$ cat query-v2.cif   # mmCIF, C-alpha atoms
data_entry
#
loop_
_atom_site.label_atom_id
_atom_site.label_comp_id
_atom_site.auth_asym_id
_atom_site.auth_seq_id
_atom_site.Cartn_x
_atom_site.Cartn_y
_atom_site.Cartn_z
CA MET A 1 64.12 13.20 13.94
CA ARG A 2 65.71 14.75 17.02
CA LYS A 3 62.82 13.47 19.16
CA ASN A 4 63.35 9.95 17.82
CA TRP A 5 67.05 10.00 18.69
CA LEU A 6 66.28 11.37 22.15
CA PHE A 7 63.76 8.60 22.76
CA ILE A 8 66.18 5.95 21.47
CA SER A 9 68.95 7.29 23.73
CA ILE A 10 66.67 7.21 26.77
CA TYR A 11 65.52 3.71 25.84
CA ILE A 12 69.12 2.44 25.54
CA LEU A 13 69.92 4.04 28.90
CA LEU A 14 66.95 2.26 30.48
CA ILE A 15 68.15 -1.04 29.03
CA ALA A 16 71.61 -0.45 30.50
CA ILE A 17 70.14 0.41 33.92
CA THR A 18 67.88 -2.65 33.83
CA THR A 19 70.81 -4.91 32.92
CA TYR A 20 72.88 -3.41 35.74
CA ILE A 21 70.08 -3.96 38.26
CA ALA A 22 69.69 -7.53 37.01
CA GLY A 23 73.42 -8.03 37.62
CA LEU A 24 73.15 -6.71 41.18
CA TYR A 25 70.12 -8.89 41.84
CA THR A 26 71.95 -11.92 40.47
CA GLU A 27 74.96 -11.23 42.68
CA ALA A 28 72.72 -11.23 45.76
CA GLN A 29 70.77 -14.26 44.53
CA LYS A 30 74.03 -16.10 43.90
CA ALA A 31 75.24 -15.47 47.47
CA VAL A 32 71.91 -16.54 49.00
CA GLU A 33 71.59 -19.75 46.97
CA PHE A 34 75.24 -20.67 47.61
CA LEU A 35 74.95 -20.16 51.37
CA ASP A 36 71.68 -22.11 51.47
CA LYS A 37 73.29 -24.98 49.57
CA VAL A 38 76.36 -25.30 51.82
CA GLU A 39 74.58 -24.66 55.13
CA SER A 40 74.51 -28.31 56.23
CA GLU A 41 78.24 -28.78 55.67
CA VAL A 42 79.47 -25.52 57.24
CA ILE A 43 77.10 -24.96 60.15
CA GLU A 44 79.19 -27.07 62.55
CA ASN A 45 82.59 -25.94 61.27
CA ASP A 46 83.63 -22.37 62.13
CA LEU A 47 86.38 -22.24 59.52
CA ASP A 48 84.17 -23.40 56.66
CA LEU A 49 81.32 -21.20 57.91
CA LEU A 50 83.53 -18.10 57.81
CA THR A 51 85.10 -19.13 54.50
CA ALA A 52 81.69 -19.50 52.84
CA THR A 53 80.36 -16.27 54.34
CA MET A 54 83.38 -14.18 53.35
CA ILE A 55 83.45 -15.62 49.82
CA ALA A 56 79.72 -14.91 49.38
CA ASN A 57 80.15 -11.32 50.58
CA SER A 58 83.29 -10.63 48.52
CA GLY A 59 82.35 -12.16 45.18
CA ASP A 60 84.05 -14.24 42.50
CA LYS A 61 87.71 -15.23 42.60
CA THR A 62 88.10 -14.33 46.29
CA GLU A 63 90.36 -16.78 48.09
CA VAL A 64 89.82 -16.91 51.86
CA ARG A 65 92.38 -18.25 54.31
CA LEU A 66 92.03 -18.35 58.07
CA TYR A 67 94.42 -19.01 60.90
CA ASP A 68 92.87 -22.17 62.28
CA GLU A 69 93.51 -21.38 65.95
CA PRO A 70 91.25 -18.65 67.37
CA LEU A 71 93.01 -15.60 68.77
CA PHE A 72 90.36 -15.71 71.49
CA GLU A 73 87.77 -18.29 72.47
CA SER A 74 85.35 -18.49 75.37
CA SER A 75 81.89 -19.85 76.12
CA PHE A 76 79.48 -17.98 78.36
CA THR A 77 76.41 -19.50 79.99
CA SER A 78 73.92 -18.45 82.64
CA SER A 79 70.43 -19.47 83.66
CA LEU A 80 69.00 -17.25 80.91
CA ASN A 81 71.67 -16.37 78.37
CA GLN A 82 74.49 -18.01 76.49
CA ALA A 83 77.05 -17.31 73.76
CA ASN A 84 80.25 -18.73 72.33
CA VAL A 85 82.67 -15.99 71.28
CA LYS A 86 85.61 -16.66 68.99
CA ILE A 87 88.00 -14.26 67.28
CA TYR A 88 89.84 -15.34 64.13
CA ALA A 89 92.40 -13.82 61.79
CA ALA A 90 91.48 -14.00 58.09
CA HIS A 91 93.16 -13.25 54.77
CA GLN A 92 91.30 -12.50 51.54
CA LYS A 93 92.85 -12.33 48.10
CA ARG A 94 91.17 -11.33 44.85
CA ASN A 95 93.56 -11.12 41.92
CA SER A 96 96.39 -8.92 43.26
CA PHE A 97 94.28 -7.28 45.98
CA GLU A 98 94.82 -8.65 49.50
CA THR A 99 93.31 -7.82 52.89
CA TYR A 100 93.78 -9.08 56.42
CA SER A 101 90.78 -9.01 58.74
CA LEU A 102 89.84 -9.66 62.32
CA VAL A 103 86.67 -11.75 62.55
CA ILE A 104 84.51 -11.80 65.67
CA LEU A 105 82.16 -14.79 65.60
CA ILE A 106 79.28 -15.45 68.00
CA THR A 107 77.62 -18.88 67.93
CA ASP A 108 74.86 -20.48 70.01
CA LEU A 109 73.63 -17.02 70.97
CA LYS A 110 70.67 -16.95 73.33
CA ILE A 111 69.32 -13.83 75.02
CA VAL A 112 66.28 -13.93 77.28
CA ASP A 113 65.15 -10.37 77.93
CA ASP A 114 61.60 -9.09 77.72
CA HIS A 115 62.94 -5.77 76.44
CA LEU A 116 65.16 -7.24 73.71
CA PHE A 117 64.67 -5.47 70.38
CA LEU A 118 63.63 -7.79 67.55
CA ASP A 119 63.56 -6.41 64.04
CA GLU A 120 60.11 -7.23 62.64
CA ASN A 121 61.28 -6.29 59.15
CA ASN A 122 64.24 -8.66 59.35
CA TYR A 123 62.96 -12.08 60.48
CA ASP A 124 62.70 -10.93 64.13
CA TYR A 125 66.48 -10.88 64.47
CA SER A 126 68.11 -9.25 67.47
CA GLU A 127 70.51 -6.35 66.96
CA ILE A 128 73.93 -6.91 68.51
CA HIS A 129 76.63 -4.23 68.59
CA ALA A 130 80.30 -4.22 69.53
CA THR A 131 82.42 -1.37 70.84
CA ILE A 132 86.01 -2.09 69.85
CA GLN A 133 88.71 -0.12 71.62
CA PHE A 134 92.29 -0.03 70.33
CA ASN A 135 95.55 0.69 72.16
CA GLN A 136 95.88 4.06 70.40
CA THR A 137 94.03 6.45 68.13
CA VAL A 138 93.35 4.69 64.83
CA THR A 139 92.51 6.36 61.54
CA VAL A 140 89.96 4.87 59.14
CA GLY A 141 89.61 7.05 56.07
CA SER A 142 88.97 10.55 57.40
CA VAL A 143 87.92 9.39 60.89
CA SER A 144 90.39 9.10 63.77
CA LYS A 145 89.24 7.52 67.04
CA LYS A 146 90.39 5.10 69.69
CA SER A 147 87.14 3.14 69.76
CA PHE A 148 84.64 2.24 67.03
CA ASN A 149 81.11 0.86 67.14
CA GLU A 150 80.20 -1.98 64.78
CA THR A 151 77.04 -4.02 64.23
CA PHE A 152 77.07 -7.80 64.03
CA VAL A 153 75.63 -9.35 60.88
CA THR A 154 73.20 -12.22 61.38
CA MET A 155 74.13 -15.36 59.48
CA TYR A 156 71.85 -18.39 59.09
CA ASP A 157 69.74 -17.56 62.13
CA ASP A 158 69.73 -15.31 65.17
CA SER A 159 72.12 -17.60 67.05
CA LEU A 160 74.93 -16.80 64.59
CA LYS A 161 76.49 -13.33 64.38
CA VAL A 162 79.69 -12.04 62.80
CA ILE A 163 81.75 -8.87 62.42
CA VAL A 164 84.63 -8.57 59.95
CA ILE A 165 87.13 -5.76 60.60
CA ASN A 166 89.43 -4.95 57.70
CA PHE A 167 92.82 -4.29 59.29
CA ASN A 168 94.24 -2.94 56.02
CA LYS A 169 92.01 0.11 56.43
CA LEU A 170 93.38 0.89 59.90
CA ALA A 171 96.29 3.32 60.20
CA ALA A 172 98.26 4.22 63.34
CA PRO A 173 101.84 5.28 64.23
CA ASN A 174 102.50 2.09 66.24
CA GLU A 175 101.43 -1.52 66.09
CA ILE A 176 97.67 -1.75 66.48
CA ALA A 177 96.28 -3.93 69.25
CA ILE A 178 92.83 -4.41 70.74
CA GLU A 179 92.37 -3.36 74.35
CA MET A 180 88.68 -4.03 74.81
CA ILE A 181 85.61 -5.45 73.08
CA GLN A 182 82.24 -4.75 74.60
CA ILE A 183 79.29 -6.66 73.16
CA ASN A 184 75.87 -5.07 73.70
CA TYR A 185 72.35 -5.82 72.56
CA LYS A 186 69.68 -3.32 71.57
CA LEU A 187 66.53 -2.84 73.64
CA VAL A 188 63.09 -1.80 72.46
CA ASP A 189 63.60 1.70 73.88
CA GLU A 190 66.60 2.19 71.53
CA THR A 191 69.14 1.92 74.37
CA GLU A 192 71.78 -0.81 74.67
CA LYS A 193 72.52 -3.30 77.41
CA LEU A 194 75.95 -4.77 78.14
CA PHE A 195 76.11 -8.47 77.31
CA ILE A 196 79.80 -9.49 77.33
CA HIS A 197 82.88 -7.46 78.25
CA LEU A 198 86.30 -8.61 76.97
CA SER A 199 89.54 -6.89 77.88
CA SER A 200 93.31 -7.20 77.51
CA ASP A 201 93.65 -5.93 81.08
CA GLU A 202 93.51 -8.88 83.45
CA LEU A 203 92.65 -6.49 86.28
CA ASP A 204 89.60 -5.13 84.47
CA GLN A 205 86.68 -5.72 86.82
CA SER A 206 83.88 -4.58 84.49
CA SER A 207 80.81 -6.73 85.03
CA ASP A 208 78.50 -8.14 82.38
CA GLN A 209 75.69 -10.71 82.38
CA PHE A 210 77.86 -13.73 83.12
CA ASP A 211 79.81 -15.10 86.05
CA PRO A 212 83.30 -13.60 86.56
CA SER A 213 84.85 -17.07 86.26
CA PHE A 214 84.48 -17.14 82.45
CA ASN A 215 87.52 -16.24 80.36
CA ARG A 216 87.40 -12.66 79.12
CA HIS A 217 91.10 -11.99 78.61
CA LEU A 218 92.15 -10.75 75.16
CA ASP A 219 95.70 -12.00 75.02
CA ASP A 220 97.74 -9.73 72.73
CA ILE A 221 95.33 -9.52 69.82
CA ASN A 222 97.50 -7.30 67.67
CA GLU A 223 98.37 -6.46 64.09
CA THR A 224 101.14 -9.06 63.93
CA LYS A 225 98.75 -11.88 64.84
CA VAL A 226 96.04 -10.65 62.49
CA LYS A 227 98.47 -10.36 59.56
CA PHE A 228 99.68 -13.93 59.87
CA ASP A 229 102.25 -15.71 57.69
CA LEU A 230 100.42 -17.39 54.81
CA GLU A 231 103.02 -20.18 54.79
CA ASP A 232 102.28 -21.10 58.41
CA SER A 233 101.13 -24.69 58.95
CA HIS A 234 98.06 -23.42 60.81
CA VAL A 235 96.64 -21.67 57.75
CA TYR A 236 93.30 -23.16 56.71
CA TYR A 237 92.24 -22.99 53.06
CA ASN A 238 89.22 -24.74 51.52
CA SER A 239 89.59 -24.36 47.76
CA GLU A 240 86.42 -26.35 47.09
CA MET A 241 84.28 -23.65 48.67
CA LEU A 242 85.25 -21.12 46.00
CA LYS A 243 84.52 -23.65 43.24
CA LYS A 244 81.06 -24.27 44.68
CA PHE A 245 80.39 -20.54 44.78
CA GLU A 246 81.51 -19.94 41.20
CA TYR A 247 79.21 -22.72 39.99
CA TYR A 248 76.34 -20.29 40.56
CA ASN A 249 77.67 -17.99 37.82
CA ILE A 250 75.12 -19.82 35.68
CA LEU A 251 72.54 -17.53 37.31
CA TYR A 252 74.05 -14.58 35.40
CA VAL A 253 73.48 -16.36 32.09
CA ARG A 254 69.90 -17.25 33.02
CA ASN A 255 68.88 -13.85 34.40
CA ILE A 256 70.55 -11.81 31.67
CA ALA A 257 68.94 -14.08 29.05
CA ILE A 258 65.52 -13.40 30.60
CA VAL A 259 66.21 -9.65 30.52
CA LEU A 260 67.30 -9.84 26.87
CA VAL A 261 64.18 -11.76 25.85
CA ILE A 262 61.97 -9.18 27.56
CA VAL A 263 63.95 -6.32 25.99
CA LEU A 264 63.69 -7.89 22.53
CA ILE A 265 59.92 -8.28 22.88
CA ILE A 266 59.48 -4.69 24.09
CA THR A 267 61.84 -3.40 21.39
CA TYR A 268 59.86 -5.22 18.73
CA PHE A 269 56.55 -3.69 19.81
CA ILE A 270 58.01 -0.18 20.25
CA PHE A 271 60.09 0.07 17.09
CA PHE A 272 59.06 -2.62 14.60
CA HIS A 273 55.55 -3.87 15.24
CA LYS A 274 53.72 -1.01 13.46
CA TYR A 275 55.93 -1.44 10.38
CA VAL A 276 55.50 -5.21 10.35
CA TYR A 277 51.74 -4.79 10.86
CA ARG A 278 51.55 -2.23 8.06
CA THR A 279 53.53 -4.52 5.72
CA LEU A 280 51.31 -7.50 6.52
CA LYS A 281 48.21 -5.36 6.05
CA GLU A 282 49.44 -4.21 2.65
CA LYS A 283 50.25 -7.79 1.68
CA ARG A 284 46.78 -8.94 2.67
CA LYS A 285 45.28 -6.03 0.76
CA HIS A 286 47.39 -6.86 -2.28
CA LYS A 287 46.40 -10.52 -1.99
CA LYS A 288 42.72 -9.62 -1.89
CA GLU A 289 43.14 -7.41 -4.92
CA LEU A 290 44.81 -10.25 -6.79
CA GLU A 291 42.03 -12.62 -5.77
CA ARG A 292 39.44 -10.10 -6.90
CA GLU A 293 41.24 -9.69 -10.22
CA VAL A 294 41.34 -13.46 -10.66
CA ILE A 295 37.63 -13.71 -9.89
CA GLU A 296 36.81 -10.84 -12.25
CA SER A 297 38.93 -12.44 -14.94
CA TYR A 298 37.17 -15.75 -14.44
CA LYS A 299 33.74 -14.10 -14.62
CA GLN A 300 34.76 -12.26 -17.77
CA LYS A 301 35.85 -15.50 -19.43
CA GLU A 302 32.57 -17.14 -18.46
CA LYS A 303 30.63 -14.31 -20.07
CA GLU A 304 32.68 -14.59 -23.24
CA LYS A 305 31.85 -18.30 -23.44
CA GLU A 306 28.17 -17.51 -23.24
#
$ encode --input "query-v2.cif" --output "structure tokens"
Amino acid sequence: MRKNWLFISIYILLIAITTYIAGLYTEAQKAVEFLDKVESEVIENDLDLLTATMIANSGDKTEVRLYDEPLFESSFTSSLNQANVKIYAAHQKRNSFETYSLVILITDLKIVDDHLFLDENNYDYSEIHATIQFNQTVTVGSVSKKSFNETFVTMYDDSLKVIVINFNKLAAPNEIAIEMIQINYKLVDETEKLFIHLSSDELDQSSDQFDPSFNRHLDDINETKVKFDLEDSHVYYNSEMLKKFEYYNILYVRNIAIVLVIVLIITYFIFFHKYVYRTLKEKRKHKKELEREVIESYKQKEKEKE
């Protein structure tokens, strides 16, 4: 009896784990299908592109608002390479939980370098990093540093990259501002090569892969600008994007239903099939006995008639 209860407990635990995994898979599937569906309408609009991406990454009921004017914007071109770099301030709200973020967006990215690392396991995407330096030592959790290294996430293709920095997680004694952003790309030998250098210091003469004439000046990108007034007329909010995302909640119903059907079938064969089979076998046996009795009775009556 104890063995049966142990087996049942393990079986129930496996069902719970399977259902949980199905939920995680559905969450990822939901984000992918949503982003695929809205690609054509957001690909040319930075604000909608970031709204859709942040909603997909954050989950249901997340409202995303952006300040519609970039805190920084510049296009870089050369004979080989190009990139458009924009920095936005974003606000996310889910129920009573709110966060302000700094979003670094790269569009129209093109890097021509024979030594550029391309991830064969990830659609041959390049790996782009950013070193972000603040105006003071900043604490994130248990780590306190003045500069942090982040990796850009590839969006629809390798020409689109984004980093989202949650400013609510940053702590410092004074107002936080960004002094420098250095964008690098990974090479096949695991080293990095400077691509674009942005700085709040107009006298910064650091060289990158583009002509010095391009705008690289980070003009007072600070905590006040990132944590913008939500009542400001420049706040952009696309409520339809969240509705489109939540439409895909139907995937939960479908996937969980599939899991339940499979679980019911397995449960039947593990716990009930042998009993049902035994019952049916006994019924067939009983039926045959009745038929035999009827036949014997008929034969007996025929003999009596003779």
$ resolve_selection --input "query-v2.cif" --expression "the PyMOL selection byres ((chain A and resi 232-236) around 6)" --output "list in words"
Arg65, Leu66, Tyr67, Asp68, Asp229, Leu230, Glu231 and Tyr237 of chain A
$ atom_distance --input "query-v2.cif" --atom1 "CA of Tyr185 (chain A)" --atom2 "CA of Ile111 (chain A)"
8.9 Å
$ closest_atom_pairs --input "query-v2.cif" --of "region 214-279 of chain A" --to "region 170-183 of chain A" --cutoff "12 Å" --atoms "only C-alpha atoms" --output "tab-separated table"
residue	atom	partner	partner_atom	distance
A:Arg216	CA	A:Ile181	CA	9.6
A:His217	CA	A:Met180	CA	9.1
A:Leu218	CA	A:Glu179	CA	7.4
A:Asp219	CA	A:Ile178	CA	9.2
A:Asp220	CA	A:Ala177	CA	6.9
A:Ile221	CA	A:Ala177	CA	5.7
A:Asn222	CA	A:Ala177	CA	3.9
A:Glu223	CA	A:Ile176	CA	5.3
A:Thr224	CA	A:Glu175	CA	7.8
A:Lys225	CA	A:Ala177	CA	9.4
A:Val226	CA	A:Ala177	CA	9.5
A:Lys227	CA	A:Ile176	CA	11.1
$ write_last_selection --input "query-v2.cif" --atoms "C-alpha atoms" --output "mmCIF file, in the frame of the given file"
data_model
loop_
_atom_site.group_PDB
_atom_site.id
_atom_site.type_symbol
_atom_site.label_atom_id
_atom_site.label_comp_id
_atom_site.auth_asym_id
_atom_site.auth_seq_id
_atom_site.Cartn_x
_atom_site.Cartn_y
_atom_site.Cartn_z
ATOM 1 C CA ARG A 216 87.400 -12.660 79.120
ATOM 2 C CA HIS A 217 91.100 -11.990 78.610
ATOM 3 C CA LEU A 218 92.150 -10.750 75.160
ATOM 4 C CA ASP A 219 95.700 -12.000 75.020
ATOM 5 C CA ASP A 220 97.740 -9.730 72.730
ATOM 6 C CA ILE A 221 95.330 -9.520 69.820
ATOM 7 C CA ASN A 222 97.500 -7.300 67.670
ATOM 8 C CA GLU A 223 98.370 -6.460 64.090
ATOM 9 C CA THR A 224 101.140 -9.060 63.930
ATOM 10 C CA LYS A 225 98.750 -11.880 64.840
ATOM 11 C CA VAL A 226 96.040 -10.650 62.490
ATOM 12 C CA LYS A 227 98.470 -10.360 59.560
#
$ resolve_selection --input "query-v2.cif" --expression "the PyMOL selection byres ((chain A and resi 169) around 10)" --output "PyMOL selection string"
chain A and resi 99-101+138-141+165-168+170-171
$ closest_residue --input "query-v2.cif" --among "A:Tyr123, A:Thr77, A:Leu71, A:Glu33" --to "Asp208 (chain A)" --atoms "all atoms listed in the file"
A:Thr77
$ atom_distance --input "query-v2.cif" --atom1 "CA of Tyr248 (chain A)" --atom2 "CA of Ala90 (chain A)"
24.0 Å
$ resolve_selection --input "query-v2.cif" --expression "the PyMOL selection byres ((chain A and resi 184) around 10)" --output "short mmCIF file (atom, residue, chain, number, x, y, z; two decimals) with C-alpha atoms, in the coordinates of the input"
data_model
loop_
_atom_site.label_atom_id
_atom_site.label_comp_id
_atom_site.auth_asym_id
_atom_site.auth_seq_id
_atom_site.Cartn_x
_atom_site.Cartn_y
_atom_site.Cartn_z
CA GLU A 127 70.51 -6.35 66.96
CA ILE A 128 73.93 -6.91 68.51
CA HIS A 129 76.63 -4.23 68.59
CA ALA A 130 80.30 -4.22 69.53
CA THR A 131 82.42 -1.37 70.84
CA THR A 151 77.04 -4.02 64.23
CA ILE A 181 85.61 -5.45 73.08
CA GLN A 182 82.24 -4.75 74.60
CA ILE A 183 79.29 -6.66 73.16
CA TYR A 185 72.35 -5.82 72.56
CA LYS A 186 69.68 -3.32 71.57
CA LEU A 187 66.53 -2.84 73.64
CA THR A 191 69.14 1.92 74.37
CA GLU A 192 71.78 -0.81 74.67
CA LYS A 193 72.52 -3.30 77.41
CA LEU A 194 75.95 -4.77 78.14
CA PHE A 195 76.11 -8.47 77.31
CA ILE A 196 79.80 -9.49 77.33
CA HIS A 197 82.88 -7.46 78.25
CA ASP A 208 78.50 -8.14 82.38
#
$ atom_distance --input "query-v2.cif" --atom1 "CA of Ile106 (chain A)" --atom2 "CA of Ile87 (chain A)"
8.8 Å
$ residues_around --input "query-v2.cif" --residues "Val64 (chain A)" --least-positions-apart "3" --cutoff "6 Å" --atoms "all atoms listed in the file" --output "PyMOL selection string"
chain A and resi 51+91-92
$ closest_residue --input "query-v2.cif" --among "A:Ser199, A:Ser144, A:Thr267, A:Thr279" --to "Leu14 (chain A)" --atoms "only C-alpha atoms"
A:Thr267
$ axis_aligned_box --input "query-v2.cif" --around "region 92-97 of chain A" --padding-each-side "3 Å" --output "lines of an AutoDock Vina configuration file"
center_x = 93.8
center_y = -9.9
center_z = 46.7
size_x = 11.2
size_y = 11.2
size_z = 15.6
$ residues_around --input "query-v2.cif" --residues "region 42-44 of chain A" --least-positions-apart "2" --cutoff "12 Å" --atoms "all atoms listed in the file" --output "PyMOL selection string"
chain A and resi 34-40+46-53+107-108+155-157+159-160+238+241
$ write_last_selection --input "query-v2.cif" --atoms "C-alpha atoms" --output "CSV table (one decimal), keeping the file's coordinate frame"
chain,number,residue,atom,x,y,z
A,34,PHE,CA,75.2,-20.7,47.6
A,35,LEU,CA,75.0,-20.2,51.4
A,36,ASP,CA,71.7,-22.1,51.5
A,37,LYS,CA,73.3,-25.0,49.6
A,38,VAL,CA,76.4,-25.3,51.8
A,39,GLU,CA,74.6,-24.7,55.1
A,40,SER,CA,74.5,-28.3,56.2
A,46,ASP,CA,83.6,-22.4,62.1
A,47,LEU,CA,86.4,-22.2,59.5
A,48,ASP,CA,84.2,-23.4,56.7
A,49,LEU,CA,81.3,-21.2,57.9
A,50,LEU,CA,83.5,-18.1,57.8
A,51,THR,CA,85.1,-19.1,54.5
A,52,ALA,CA,81.7,-19.5,52.8
A,53,THR,CA,80.4,-16.3,54.3
A,107,THR,CA,77.6,-18.9,67.9
A,108,ASP,CA,74.9,-20.5,70.0
A,155,MET,CA,74.1,-15.4,59.5
A,156,TYR,CA,71.8,-18.4,59.1
A,157,ASP,CA,69.7,-17.6,62.1
A,159,SER,CA,72.1,-17.6,67.0
A,160,LEU,CA,74.9,-16.8,64.6
A,238,ASN,CA,89.2,-24.7,51.5
A,241,MET,CA,84.3,-23.6,48.7
$ decode --input "query-v2.cif" --residues "region 44-100 of chain A" --atoms "C-alpha atoms" --output "PDB file, in the first residue's frame"
ATOM      1  CA  GLU A  44       9.462  50.746 -39.329  1.00  0.00           C
ATOM      2  CA  ASN A  45       8.270  52.360 -36.093  1.00  0.00           C
ATOM      3  CA  ASP A  46      10.754  52.431 -33.207  1.00  0.00           C
ATOM      4  CA  LEU A  47       8.122  53.182 -30.579  1.00  0.00           C
ATOM      5  CA  ASP A  48       5.832  50.326 -31.607  1.00  0.00           C
ATOM      6  CA  LEU A  49       8.827  48.024 -32.066  1.00  0.00           C
ATOM      7  CA  LEU A  50       9.998  48.665 -28.499  1.00  0.00           C
ATOM      8  CA  THR A  51       6.452  48.503 -27.135  1.00  0.00           C
ATOM      9  CA  ALA A  52       5.859  45.083 -28.713  1.00  0.00           C
ATOM     10  CA  THR A  53       9.254  43.755 -27.645  1.00  0.00           C
ATOM     11  CA  MET A  54       8.941  44.899 -24.031  1.00  0.00           C
ATOM     12  CA  ILE A  55       5.376  43.579 -23.730  1.00  0.00           C
ATOM     13  CA  ALA A  56       6.431  40.196 -25.145  1.00  0.00           C
ATOM     14  CA  ASN A  57       9.352  39.965 -22.710  1.00  0.00           C
ATOM     15  CA  SER A  58       7.371  41.112 -19.667  1.00  0.00           C
ATOM     16  CA  GLY A  59       4.160  39.136 -20.065  1.00  0.00           C
ATOM     17  CA  ASP A  60       0.445  39.748 -19.628  1.00  0.00           C
ATOM     18  CA  LYS A  61      -1.019  43.002 -18.331  1.00  0.00           C
ATOM     19  CA  THR A  62       2.225  44.943 -18.832  1.00  0.00           C
ATOM     20  CA  GLU A  63       1.567  48.472 -20.037  1.00  0.00           C
ATOM     21  CA  VAL A  64       4.510  50.067 -21.848  1.00  0.00           C
ATOM     22  CA  ARG A  65       4.930  53.804 -22.304  1.00  0.00           C
ATOM     23  CA  LEU A  66       7.837  55.543 -23.988  1.00  0.00           C
ATOM     24  CA  TYR A  67       8.984  59.124 -24.180  1.00  0.00           C
ATOM     25  CA  ASP A  68       8.572  59.685 -27.898  1.00  0.00           C
ATOM     26  CA  GLU A  69      11.686  61.847 -28.335  1.00  0.00           C
ATOM     27  CA  PRO A  70      14.970  59.911 -28.137  1.00  0.00           C
ATOM     28  CA  LEU A  71      17.380  61.003 -25.419  1.00  0.00           C
ATOM     29  CA  PHE A  72      20.087  60.395 -28.017  1.00  0.00           C
ATOM     30  CA  GLU A  73      19.988  59.746 -31.745  1.00  0.00           C
ATOM     31  CA  SER A  74      22.715  59.435 -34.340  1.00  0.00           C
ATOM     32  CA  SER A  75      23.386  57.573 -37.580  1.00  0.00           C
ATOM     33  CA  PHE A  76      26.828  56.238 -38.403  1.00  0.00           C
ATOM     34  CA  THR A  77      27.980  55.196 -41.868  1.00  0.00           C
ATOM     35  CA  SER A  78      31.276  54.288 -43.488  1.00  0.00           C
ATOM     36  CA  SER A  79      32.367  52.429 -46.591  1.00  0.00           C
ATOM     37  CA  LEU A  80      31.948  49.126 -44.743  1.00  0.00           C
ATOM     38  CA  ASN A  81      29.829  49.593 -41.632  1.00  0.00           C
ATOM     39  CA  GLN A  82      26.686  51.356 -40.541  1.00  0.00           C
ATOM     40  CA  ALA A  83      24.345  51.698 -37.562  1.00  0.00           C
ATOM     41  CA  ASN A  84      21.584  53.923 -36.260  1.00  0.00           C
ATOM     42  CA  VAL A  85      21.759  54.356 -32.487  1.00  0.00           C
ATOM     43  CA  LYS A  86      18.852  55.688 -30.460  1.00  0.00           C
ATOM     44  CA  ILE A  87      18.336  55.857 -26.709  1.00  0.00           C
ATOM     45  CA  TYR A  88      14.807  56.007 -25.280  1.00  0.00           C
ATOM     46  CA  ALA A  89      13.255  56.270 -21.843  1.00  0.00           C
ATOM     47  CA  ALA A  90      10.564  53.670 -21.106  1.00  0.00           C
ATOM     48  CA  HIS A  91       8.028  52.990 -18.360  1.00  0.00           C
ATOM     49  CA  GLN A  92       6.488  49.594 -17.646  1.00  0.00           C
ATOM     50  CA  LYS A  93       3.546  48.945 -15.358  1.00  0.00           C
ATOM     51  CA  ARG A  94       2.093  45.592 -14.352  1.00  0.00           C
ATOM     52  CA  ASN A  95      -0.647  45.851 -11.753  1.00  0.00           C
ATOM     53  CA  SER A  96       0.940  48.039  -9.038  1.00  0.00           C
ATOM     54  CA  PHE A  97       4.537  47.266 -10.036  1.00  0.00           C
ATOM     55  CA  GLU A  98       6.281  49.993 -12.060  1.00  0.00           C
ATOM     56  CA  THR A  99       9.757  50.314 -13.573  1.00  0.00           C
ATOM     57  CA  TYR A 100      11.585  52.958 -15.559  1.00  0.00           C
TER      58      TYR A 100
END
